[in-house]
Amino acid sequence: MKRIASIVLGAIATLGPGGATFAAQHEPAPVAGQVISARPMSGTAATIAGGDVTVVAWLEDSGALHRVVGTVGTAASMMRLGPADDGIDGTPVSAVTNAGAVWVVASRDRGATQRLWAHRWAAGAWQEPVSGPRARSYDHHPAIATVRGSEQMWIAWLGEDGVDGGATMLYASRWTGSRWTAAEPLPSAPGIPMAPSITVDATGIPVVAWAASDGSDAEIWVSARRGGRWSTPAALSRNQVPDITPSISSTPVGLLVTWISYADNGYLPWAATASANGAWTSPVRLSESPGSRPRAAVVNGNPAVFWRRLEFMPAGGTIASRVLVDTGWAEPVPLVAASGSPFNVANALDGRLMLAFSRPDGRLGVAESNRVLSRNDLDSLATVSRALFGAATPGGPTPAPTVDHVTPIVPENYTAFGDSITNGVVYDPERRTSAGYRDPLQQMLRAFFGIGTVFNAGVDGESTAEGLGRIDNAIRAQDTDVVLIMEGTNDIVDVVDVATIAFNLRRMVQRSYEENPDILPYLAQLPPRFDPGPEGFDGPGNGRIDELNALMPAIGEQEGAAIVDMNTSLDGNPELMSDPLHPSVAGYEVMAVQWYDAIRPAVLDRTNRGDVDGSGRTDGIDLVRLALAFGSLVGEDRYNAATDINGDGIVDGFDLNLLIEFFGQNVPATEAGS
Amino acid sequence: MTTLARISQGDRAARARWRASGRAGRLLRGAVGIGILVMSMALPGCSGSTPTTPRPPTTTPPSVTFVADASNGGIDAIALSLTSSTAEAFTLALMASEVTDLFGYGVDITFDPAVVMFDTATMGTFLDGEGITVTTQVTEGPVGTLVIGQSRIGAVPGMSGSGTLVSLDFRSVAPGTSTLSTSNAGAFDSTGAAMTTEFFGGTATVPSTGTR
């Protein structure tokens, strides 16, 4: 009997003739008296062979400290994992050993050091946590894989010295059953390595896949440990665009690596396989639609890839999958039920599948099979899930009556685009989604220009690779005049290299223009990361944030985007931060002022600056002209379009204020009478 | 009424931004300009609607003198005239004289900043009759040029007769003579038609004991 006792969202009944059941989706249950967040930042799940125990672990986004919480589904087993000291945990990973133990591994940042830790569920209880292997001052972003038929486990991670210290390298170590072997550096591939993925093949050989950036673009590399030595890295991608976020899995027919690679319409999922002799096939593009966070897995003995198919708000994406049958990839299957991002896809040793994912409401969802899944099961899951979650209401809402609409001269629609900071996440003291900078900015815009609606297009946890896949939709959906781009913080957390982040931000600006040639794009330099304790604003990540921010002026100049400094005003002001990543309400208000100060000049440039008669100067004659038309609506005899400075169809106090703003000033000829 | 409220709100916001931007200090020093938007009401310090005839300085120390190009403004005129004077400061009134249906006007007044400097402006009462909102803008830019605009607002009639449009306070800078010339001038009636109104300036003389 399974020991999952968490909230069941919906049990999916028998799915067609095959009789397979994809079991209930559920989430970790909150327990009274325990500080358990129901809003994980990221998570992992694993199922022990035989289906007796499912372990779920997730990163608790609790404000000042991010800590890993684990559970086997019962209230009694839900607890914080890792050593009993303070620090900030990273995203956990999990794996199951042959004997039915589940390992959860993560990193903990204690300021001066960042160490790996491992926590094991075995013999019906959480065992004492153990320290992970050590290589450098900052060891982080682990990946683990267990060795079939043993209690051994391999771990790969990133190590570096000092705060954002140079020479970041990849390391690997093996858990012998009682201790970690010495950290082994992997051979360098060109560029800086990013978060690795590891698997152990059927013969017990560990294989690591990672992305490395040489400063211009990133490629996917793999290395295997044969004969006690790590092989020279082999490149799976060779092109001039970023290839990032690889995931590797051992399958019955060989190795499988999946990753995303940039294309004109965003990042697309790719995959390559290797047979038992180690020869890699040419990479195959799995989808023509943008995707992210691909995960390699096994379905019914066949290689399979799950990824987040990027869609527009509010869902933010659904999980899609493709299965490799013989030599051909089956058509993609959208798993609507698991809408959100796949955190991990884990295969139990008996071949069943466990999927941890972020739900559209931001909570951690877990879907698991009660037996080995076949491809037909995936088809059925998609079908039933649609029914479970409901289809769109036929006809939709009653459309609003059509009214004549004057196209304003000053921007009307602002799209605030980004991650949870744009979405307004704040801790005061509990986590909630506030109006962020959006409402204060909208108030300032309307107070001065009389027009301006700031739409929220912020998606929690989103990376720039994901944002790039939906920015065109976001711009189109709101008929956007001004786009405010602020993204990259999650990339920094996930150690995506700065060059790739900059590349993605540059493409976001380019795509904004492609969608609307008249758009005003603004690109925000990232706010600082604030860590509790003595490091404050000098903690991990800030060096890379500064490095990225330093690249933005050039991007802005080359691509035609205004750069907005969101870092300086927050840096060194703890009261403006509510957690390591998110501003406080006061911080968001500061951000709003930064946006407004940057926006206002460009918006004013779109007006005639009050030079109603086009004389080249805003003066008393213009004032009288405006006063004569004051209060008139478009279409009325008194209406004078040149005096309707904001172009909203009425000559009013906002127009008068705009004229007053420039009273007595010369107006460049190119702007007069615009 | 709604429109008026929006104006007030926008004006307050503009003033708040003004203060926030640090320009308030310059406004207090009076060297830049003012923006006034009021309903019809008596303003402290405003003279009535009767033109004042300038008198030659007879006191000691000698006051700034002003010779108007058109001392009485004539008919259908807008002209500068002296309303008060000391050795260190003087006030000129921009007077409307026997105008008909004056809705608003714009004019530049240039002067020699080496001799006199603009201090502040105070709205007169002539245009704000019958409870009508009036907007007045006076700003110095560039130095030595006052850009002035004043108008009733909306679909309302203009004002007829004579009276003070705006009072301009100057301070002495150095002994000498400065012409105060009008340019870029135009007056409009309530239909928006340009009026034949003439604009007149004058000449101010700062005595040798009047510098600061």
# chains A, B, ... in the order shown; residues from 1 in each chain; ligands from 1

$ select_by_dssp --residues "stretch 46-138 of chain B" --states "strand (DSSP E)" --output "NGL selection string"
:B and (65-68 or 77-85 or 89-110 or 116-123 or 134-138)

$ closest_atom_pairs --of "chain A" --to "chain B" --cutoff "10 Å" --atoms "only C-alpha atoms" --output "JSON lines"
{"residue": "A:Met444", "atom": "CA", "partner": "B:Ala13", "partner_atom": "CA", "distance": 8.9}
{"residue": "A:Arg446", "atom": "CA", "partner": "B:Gly10", "partner_atom": "CA", "distance": 9.5}
{"residue": "A:Ala447", "atom": "CA", "partner": "B:Gly10", "partner_atom": "CA", "distance": 6.2}
{"residue": "A:Phe448", "atom": "CA", "partner": "B:Gly10", "partner_atom": "CA", "distance": 6.6}
{"residue": "A:Phe449", "atom": "CA", "partner": "B:Gly10", "partner_atom": "CA", "distance": 9.2}
{"residue": "A:Gly450", "atom": "CA", "partner": "B:Gly10", "partner_atom": "CA", "distance": 8.8}
{"residue": "A:Thr618", "atom": "CA", "partner": "B:Val147", "partner_atom": "CA", "distance": 9.2}
{"residue": "A:Asp619", "atom": "CA", "partner": "B:Val147", "partner_atom": "CA", "distance": 6.4}
{"residue": "A:Gly620", "atom": "CA", "partner": "B:Gly149", "partner_atom": "CA", "distance": 3.5}
{"residue": "A:Ile621", "atom": "CA", "partner": "B:Gly106", "partner_atom": "CA", "distance": 4.8}
{"residue": "A:Asp622", "atom": "CA", "partner": "B:Gly106", "partner_atom": "CA", "distance": 8.0}
{"residue": "A:Leu623", "atom": "CA", "partner": "B:Gly149", "partner_atom": "CA", "distance": 6.1}
{"residue": "A:Val624", "atom": "CA", "partner": "B:Gly104", "partner_atom": "CA", "distance": 5.5}
{"residue": "A:Arg625", "atom": "CA", "partner": "B:Gly192", "partner_atom": "CA", "distance": 7.3}
{"residue": "A:Leu626", "atom": "CA", "partner": "B:Ile153", "partner_atom": "CA", "distance": 8.3}
{"residue": "A:Ala627", "atom": "CA", "partner": "B:Ile153", "partner_atom": "CA", "distance": 4.6}
{"residue": "A:Leu628", "atom": "CA", "partner": "B:Gly154", "partner_atom": "CA", "distance": 5.5}
{"residue": "A:Ala629", "atom": "CA", "partner": "B:Gly154", "partner_atom": "CA", "distance": 6.3}
{"residue": "A:Phe630", "atom": "CA", "partner": "B:Gly154", "partner_atom": "CA", "distance": 4.7}
{"residue": "A:Gly631", "atom": "CA", "partner": "B:Gly154", "partner_atom": "CA", "distance": 6.0}
{"residue": "A:Ser632", "atom": "CA", "partner": "B:Gly154", "partner_atom": "CA", "distance": 8.0}
{"residue": "A:Arg638", "atom": "CA", "partner": "B:Ala155", "partner_atom": "CA", "distance": 8.2}
{"residue": "A:Val651", "atom": "CA", "partner": "B:Gly154", "partner_atom": "CA", "distance": 9.6}
{"residue": "A:Asp652", "atom": "CA", "partner": "B:Thr3", "partner_atom": "CA", "distance": 6.9}
{"residue": "A:Gly653", "atom": "CA", "partner": "B:Ile7", "partner_atom": "CA", "distance": 4.4}
{"residue": "A:Phe654", "atom": "CA", "partner": "B:Gly10", "partner_atom": "CA", "distance": 6.5}
{"residue": "A:Asp655", "atom": "CA", "partner": "B:Ile7", "partner_atom": "CA", "distance": 9.6}
{"residue": "A:Leu656", "atom": "CA", "partner": "B:Ile7", "partner_atom": "CA", "distance": 8.1}
{"residue": "A:Asn657", "atom": "CA", "partner": "B:Gly10", "partner_atom": "CA", "distance": 6.8}
{"residue": "A:Leu658", "atom": "CA", "partner": "B:Ala14", "partner_atom": "CA", "distance": 9.4}
{"residue": "A:Ile660", "atom": "CA", "partner": "B:Gln137", "partner_atom": "CA", "distance": 7.5}
{"residue": "A:Glu661", "atom": "CA", "partner": "B:Ala14", "partner_atom": "CA", "distance": 8.4}
{"residue": "A:Phe663", "atom": "CA", "partner": "B:Thr139", "partner_atom": "CA", "distance": 7.3}
{"residue": "A:Gly664", "atom": "CA", "partner": "B:Val147", "partner_atom": "CA", "distance": 5.6}
{"residue": "A:Gln665", "atom": "CA", "partner": "B:Gly141", "partner_atom": "CA", "distance": 7.0}
{"residue": "A:Asn666", "atom": "CA", "partner": "B:Gly141", "partner_atom": "CA", "distance": 9.4}

$ atom_distance --atom1 "atom CA of A:Asp644" --atom2 "atom CA of A:Gln478"
23.9 Å

$ residues_around --residues "B:Gly74" --least-positions-apart "3" --cutoff "12 Å" --atoms "only C-alpha atoms" --output "mmCIF file with C-alpha atoms, in the first residue's frame"
data_model
loop_
_atom_site.group_PDB
_atom_site.id
_atom_site.type_symbol
_atom_site.label_atom_id
_atom_site.label_comp_id
_atom_site.auth_asym_id
_atom_site.auth_seq_id
_atom_site.Cartn_x
_atom_site.Cartn_y
_atom_site.Cartn_z
ATOM 1 C CA PRO B 51 -4.394 101.230 -14.380
ATOM 2 C CA ALA B 68 6.301 103.079 -20.562
ATOM 3 C CA ASP B 69 6.142 102.953 -24.305
ATOM 4 C CA ALA B 70 2.391 103.485 -23.953
ATOM 5 C CA SER B 71 1.665 104.827 -20.511
ATOM 6 C CA ALA B 77 -3.750 97.401 -25.832
ATOM 7 C CA ILE B 78 -1.748 95.286 -23.413
ATOM 8 C CA ALA B 79 1.111 97.247 -21.893
ATOM 9 C CA LEU B 80 3.602 97.358 -19.066
ATOM 10 C CA MET B 95 -2.324 95.855 -18.071
ATOM 11 C CA ALA B 96 -5.158 95.244 -20.467
ATOM 12 C CA SER B 97 -6.660 98.495 -21.681
ATOM 13 C CA GLU B 98 -10.092 98.729 -23.228
ATOM 14 C CA VAL B 99 -10.049 95.310 -24.767
ATOM 15 C CA GLY B 161 -12.622 96.455 -20.322
ATOM 16 C CA SER B 162 -9.354 97.232 -18.521
ATOM 17 C CA THR B 197 -4.514 94.193 -29.692
ATOM 18 C CA GLU B 198 -1.155 95.965 -29.507
ATOM 19 C CA PHE B 199 1.535 95.117 -26.958
ATOM 20 C CA PHE B 200 3.806 97.727 -25.376
#

$ residues_around --residues "B:Leu92" --least-positions-apart "3" --cutoff "8 Å" --atoms "only C-alpha atoms" --output "PyMOL selection string"
chain B and resi 80-84+167-170

$ write_last_selection --atoms "C-alpha atoms" --output "compact mmCIF listing (two decimals), in the first residue's frame"
# COMPACT_ATOMS: atom_id res chain seq x y z
CA LEU B 80 3.60 97.36 -19.07
CA SER B 81 3.31 100.06 -16.43
CA LEU B 82 5.09 100.72 -13.16
CA THR B 83 3.09 100.08 -9.99
CA SER B 84 5.77 100.40 -7.30
CA SER B 167 2.20 91.72 -11.93
CA LEU B 168 5.92 91.18 -12.45
CA ASP B 169 8.41 91.85 -9.67
CA PHE B 170 11.97 92.73 -10.68
